[in-house]
Amino acid sequence: MTIFIINNLANYLAQQQPINKGILVVEGWVSEQTLLQAIQSYKTNPYQQIITTGALIKSRQQEKHKSYADSAAAFLLKNGIKQTEITSLPTPDSAQNRTFLSAVIVRNWLIRKKDENQAIDVVSEGVHARRTLTLYQMAFANKGDIGIMAGKSAEYSLDSWWEASAGVKAVISEVVGLTWVACCFYPGEYQSHQERWGQY
């Protein structure tokens with residue numbers, strides 16, 4: 001049983017369950033390889049809009065863009081997505097869970113557009129996907145139809161993640177993170193100020 005769990009753990013975390021319609025949401029911090037996968041999916045499925053999310057960039061090497069959301073949006077534009085089809089929704093600095101806050105910002109944007117029941121697919125990176133989906137479901141209070149796509153990591157194989165240090169670090173980190181979300185993370189009441197309590 002232990003061997004079975006180890007062999008399948010990374011594939012479990014890198015959840016693939018897309019809806020392939022509605023709005024495509026891309027976590028802006030993902031790799032260029034995953035961004036290219038998102039572009040391919042956007043072009044081959046009947047999505048209506050593509051949203052990029054992500055926190056502020058504090059590295060001096062990334063001064064061209066203020067946030068990962070803006071950086072990803074620029075990459076999409078450079079690679080064939082029309083500007084009118086891209087919406088960048090940066091995530092403010094926060095002590096709150098950043099993925100959850102990003103999901104709240106996306107949800108509130110949809111509410112303002114009176115489109116909160118729209119289906120969405122979220123593009124995340126590798127083994128972070130299942131935690132991303134869990135947090136989006138929390139933010140939407142299970143009211144939305146939410147799918148998930150996991151970009152393929154270039155640093156390790158999901159089927160033999162334990163053979164690469166990057167794979168071991170990523171999987172262990174996500175197991176801890178997902179466990180914490182499941183047992184200890186309280187997002188606050190739906191659409192309450194508590195959802196954004198850590199913003200500063």
# chains A, B, ... in the order shown; residues from 1 in each chain; ligands from 1
call {"tool": "residues_around", "arguments": {"residues": "segment 69-79 of chain A", "least_positions_apart": "3", "cutoff": "9 Å", "atoms": "only C-alpha atoms", "output": "list in words"}}
result
Val26, Glu27, Gly28, Trp29, Val30, Glu32, Leu35, Leu36, Ile39, Ile50, Ile51, Thr52, Thr53, Gly54, Ala55, Leu56, Gln62, Lys64, His65, Lys66, Lys82, Gln83, Ile86, Thr87, Ser88, Leu89, Pro90 and Thr91 of chain A
call {"tool": "write_last_selection", "arguments": {"atoms": "C-alpha atoms", "output": "tab-separated table (two decimals), in the first residue's frame"}}
result
chain	number	residue	atom	x	y	z
A	26	VAL	CA	-4.00	31.18	-15.32
A	27	GLU	CA	-1.87	31.43	-12.19
A	28	GLY	CA	0.71	33.93	-13.38
A	29	TRP	CA	3.68	32.45	-11.52
A	30	VAL	CA	3.70	29.24	-13.57
A	32	GLU	CA	6.58	29.53	-19.62
A	35	LEU	CA	1.77	29.23	-20.12
A	36	LEU	CA	2.26	27.78	-23.60
A	39	ILE	CA	-2.41	29.13	-24.74
A	50	ILE	CA	-8.53	34.41	-20.21
A	51	ILE	CA	-7.69	35.81	-16.76
A	52	THR	CA	-4.21	35.98	-15.25
A	53	THR	CA	-3.64	36.14	-11.50
A	54	GLY	CA	-0.61	36.54	-9.30
A	55	ALA	CA	1.08	38.46	-6.52
A	56	LEU	CA	3.36	41.47	-6.76
A	62	GLN	CA	11.40	41.71	-12.85
A	64	LYS	CA	9.21	45.52	-16.14
A	65	HIS	CA	6.00	44.05	-14.67
A	66	LYS	CA	4.56	44.84	-11.24
A	82	LYS	CA	-5.70	39.22	-28.31
A	83	GLN	CA	-5.46	41.97	-25.71
A	86	ILE	CA	-6.97	39.04	-21.56
A	87	THR	CA	-7.78	40.39	-18.09
A	88	SER	CA	-4.99	40.75	-15.53
A	89	LEU	CA	-6.12	40.55	-11.88
A	90	PRO	CA	-3.07	41.06	-9.64
A	91	THR	CA	-3.21	39.79	-6.07
call {"tool": "closest_residue", "arguments": {"among": "A:Glu125, A:Ala166, A:Asp159, A:Tyr136", "to": "Ile5 of chain A", "atoms": "only C-alpha atoms"}}
result
A:Asp159
call {"tool": "select_by_dssp", "arguments": {"residues": "segment 43-117 of chain A", "states": "strand (DSSP E or B)", "output": "MDAnalysis selection string"}}
result
chainID A and resid 47:56 67 86:91 94
call {"tool": "atom_distance", "arguments": {"atom1": "atom CA of Lys58 of chain A", "atom2": "atom CA of Leu178 of chain A"}}
result
25.7 Å
call {"tool": "atom_distance", "arguments": {"atom1": "atom CA of Gln49 of chain A", "atom2": "atom CA of Glu85 of chain A"}}
result
5.1 Å
call {"tool": "residues_around", "arguments": {"residues": "Leu135 of chain A", "least_positions_apart": "5", "cutoff": "12 Å", "atoms": "only C-alpha atoms", "output": "PDB file with N, CA and C atoms, in the first residue's frame"}}
result
ATOM      1  N   GLN A  96      -2.680  36.503   4.066  1.00  0.00           N
ATOM      2  CA  GLN A  96      -3.651  35.450   3.768  1.00  0.00           C
ATOM      3  C   GLN A  96      -3.045  34.493   2.741  1.00  0.00           C
ATOM      4  N   ASN A  97      -3.643  33.332   2.566  1.00  0.00           N
ATOM      5  CA  ASN A  97      -3.210  32.405   1.527  1.00  0.00           C
ATOM      6  C   ASN A  97      -3.358  33.082   0.169  1.00  0.00           C
ATOM      7  N   ARG A  98      -2.266  33.220  -0.581  1.00  0.00           N
ATOM      8  CA  ARG A  98      -2.291  33.996  -1.825  1.00  0.00           C
ATOM      9  C   ARG A  98      -3.157  33.359  -2.891  1.00  0.00           C
ATOM     10  N   THR A  99      -3.136  32.035  -2.981  1.00  0.00           N
ATOM     11  CA  THR A  99      -3.976  31.373  -3.968  1.00  0.00           C
ATOM     12  C   THR A  99      -5.454  31.595  -3.650  1.00  0.00           C
ATOM     13  N   PHE A 100      -5.804  31.517  -2.384  1.00  0.00           N
ATOM     14  CA  PHE A 100      -7.186  31.750  -1.990  1.00  0.00           C
ATOM     15  C   PHE A 100      -7.596  33.187  -2.297  1.00  0.00           C
ATOM     16  N   LEU A 101      -6.725  34.152  -1.975  1.00  0.00           N
ATOM     17  CA  LEU A 101      -7.044  35.545  -2.244  1.00  0.00           C
ATOM     18  C   LEU A 101      -7.183  35.791  -3.740  1.00  0.00           C
ATOM     19  N   SER A 102      -6.352  35.152  -4.538  1.00  0.00           N
ATOM     20  CA  SER A 102      -6.490  35.252  -5.996  1.00  0.00           C
ATOM     21  C   SER A 102      -7.858  34.735  -6.440  1.00  0.00           C
ATOM     22  N   ALA A 103      -8.287  33.626  -5.850  1.00  0.00           N
ATOM     23  CA  ALA A 103      -9.588  33.052  -6.195  1.00  0.00           C
ATOM     24  C   ALA A 103     -10.719  33.998  -5.802  1.00  0.00           C
ATOM     25  N   VAL A 104     -10.588  34.653  -4.646  1.00  0.00           N
ATOM     26  CA  VAL A 104     -11.597  35.623  -4.202  1.00  0.00           C
ATOM     27  C   VAL A 104     -11.674  36.787  -5.185  1.00  0.00           C
ATOM     28  N   ARG A 107     -13.417  35.610  -8.302  1.00  0.00           N
ATOM     29  CA  ARG A 107     -14.851  35.469  -8.012  1.00  0.00           C
ATOM     30  C   ARG A 107     -15.550  36.821  -7.971  1.00  0.00           C
ATOM     31  N   VAL A 122      -8.946  26.495 -14.151  1.00  0.00           N
ATOM     32  CA  VAL A 122      -7.775  27.138 -13.575  1.00  0.00           C
ATOM     33  C   VAL A 122      -6.528  26.368 -13.992  1.00  0.00           C
ATOM     34  N   HIS A 128       0.893  21.476  -7.599  1.00  0.00           N
ATOM     35  CA  HIS A 128       0.158  22.512  -6.877  1.00  0.00           C
ATOM     36  C   HIS A 128      -1.322  22.511  -7.270  1.00  0.00           C
ATOM     37  N   ALA A 129      -1.667  21.794  -8.322  1.00  0.00           N
ATOM     38  CA  ALA A 129      -3.007  21.884  -8.911  1.00  0.00           C
ATOM     39  C   ALA A 129      -4.129  21.506  -7.946  1.00  0.00           C
ATOM     40  N   ARG A 130      -3.980  20.411  -7.229  1.00  0.00           N
ATOM     41  CA  ARG A 130      -5.070  19.978  -6.344  1.00  0.00           C
ATOM     42  C   ARG A 130      -5.317  20.998  -5.233  1.00  0.00           C
ATOM     43  N   PHE A 140     -15.309  30.021  -3.963  1.00  0.00           N
ATOM     44  CA  PHE A 140     -16.586  30.063  -4.671  1.00  0.00           C
ATOM     45  C   PHE A 140     -17.694  29.372  -3.878  1.00  0.00           C
ATOM     46  N   ALA A 141     -17.335  28.881  -2.688  1.00  0.00           N
ATOM     47  CA  ALA A 141     -18.299  28.190  -1.818  1.00  0.00           C
ATOM     48  C   ALA A 141     -19.030  27.083  -2.562  1.00  0.00           C
ATOM     49  N   ASN A 142     -18.283  26.409  -3.442  1.00  0.00           N
ATOM     50  CA  ASN A 142     -18.813  25.297  -4.241  1.00  0.00           C
ATOM     51  C   ASN A 142     -20.022  25.698  -5.093  1.00  0.00           C
ATOM     52  N   ILE A 146     -15.993  24.544 -11.487  1.00  0.00           N
ATOM     53  CA  ILE A 146     -14.560  24.833 -11.565  1.00  0.00           C
ATOM     54  C   ILE A 146     -13.784  23.599 -11.993  1.00  0.00           C
ATOM     55  N   ILE A 148      -9.744  22.133 -13.386  1.00  0.00           N
ATOM     56  CA  ILE A 148      -8.329  22.368 -13.084  1.00  0.00           C
ATOM     57  C   ILE A 148      -7.450  21.688 -14.133  1.00  0.00           C
ATOM     58  N   GLY A 177       1.037  21.438   2.449  1.00  0.00           N
ATOM     59  CA  GLY A 177       0.134  22.542   2.164  1.00  0.00           C
ATOM     60  C   GLY A 177      -1.314  22.105   2.050  1.00  0.00           C
ATOM     61  N   LEU A 178      -1.556  21.007   1.368  1.00  0.00           N
ATOM     62  CA  LEU A 178      -2.920  20.507   1.198  1.00  0.00           C
ATOM     63  C   LEU A 178      -3.493  20.028   2.534  1.00  0.00           C
ATOM     64  N   TRP A 180      -2.668  21.201   5.491  1.00  0.00           N
ATOM     65  CA  TRP A 180      -2.972  22.406   6.266  1.00  0.00           C
ATOM     66  C   TRP A 180      -4.288  23.049   5.817  1.00  0.00           C
ATOM     67  N   VAL A 181      -4.492  23.121   4.499  1.00  0.00           N
ATOM     68  CA  VAL A 181      -5.738  23.685   3.977  1.00  0.00           C
ATOM     69  C   VAL A 181      -6.935  22.874   4.473  1.00  0.00           C
ATOM     70  N   ALA A 182      -6.796  21.543   4.435  1.00  0.00           N
ATOM     71  CA  ALA A 182      -7.905  20.662   4.809  1.00  0.00           C
ATOM     72  C   ALA A 182      -8.225  20.728   6.299  1.00  0.00           C
ATOM     73  N   PHE A 185      -7.106  25.669   7.660  1.00  0.00           N
ATOM     74  CA  PHE A 185      -7.358  26.951   7.003  1.00  0.00           C
ATOM     75  C   PHE A 185      -8.825  27.327   7.084  1.00  0.00           C
ATOM     76  N   TYR A 186      -9.101  28.490   7.672  1.00  0.00           N
ATOM     77  CA  TYR A 186     -10.463  28.996   7.741  1.00  0.00           C
ATOM     78  C   TYR A 186     -10.541  30.276   6.915  1.00  0.00           C
ATOM     79  N   PRO A 187     -11.241  30.247   5.782  1.00  0.00           N
ATOM     80  CA  PRO A 187     -11.243  31.398   4.873  1.00  0.00           C
ATOM     81  C   PRO A 187     -12.139  32.549   5.301  1.00  0.00           C
ATOM     82  N   GLU A 195     -12.372  37.259   4.356  1.00  0.00           N
ATOM     83  CA  GLU A 195     -11.716  36.608   3.233  1.00  0.00           C
ATOM     84  C   GLU A 195     -10.434  37.334   2.822  1.00  0.00           C
TER      85      GLU A 195
END
call {"tool": "closest_residue", "arguments": {"among": "A:Asn117, A:Thr179, A:Gln191, A:Asn45", "to": "Pro18 of chain A", "atoms": "only C-alpha atoms"}}
result
A:Asn45
call {"tool": "residues_around", "arguments": {"residues": "Trp161 of chain A", "least_positions_apart": "3", "cutoff": "9 Å", "atoms": "only C-alpha atoms", "output": "PyMOL selection string"}}
result
chain A and resi 7+9-10+156-158+164-168+170-171
call {"tool": "select_by_dssp", "arguments": {"residues": "chain A", "states": "alpha helix (DSSP H)", "output": "PyMOL selection string"}}
result
chain A and resi 2-13+32-44+68-78+98-112+129-139+165-183
call {"tool": "atom_distance", "arguments": {"atom1": "atom CA of Gln17 of chain A", "atom2": "atom CA of Ala150 of chain A"}}
result
8.8 Å
call {"tool": "closest_residue", "arguments": {"among": "A:Ile111, A:Met149, A:Ile6, A:Ile105", "to": "Leu24 of chain A", "atoms": "only C-alpha atoms"}}
result
A:Met149
call {"tool": "closest_residue", "arguments": {"among": "A:Ile57, A:Ala38, A:Val176, A:Leu13", "to": "Val127 of chain A", "atoms": "only C-alpha atoms"}}
result
A:Leu13
call {"tool": "closest_residue", "arguments": {"among": "A:Leu110, A:Thr84, A:Asp115, A:Ile120", "to": "Pro46 of chain A", "atoms": "only C-alpha atoms"}}
result
A:Ile120
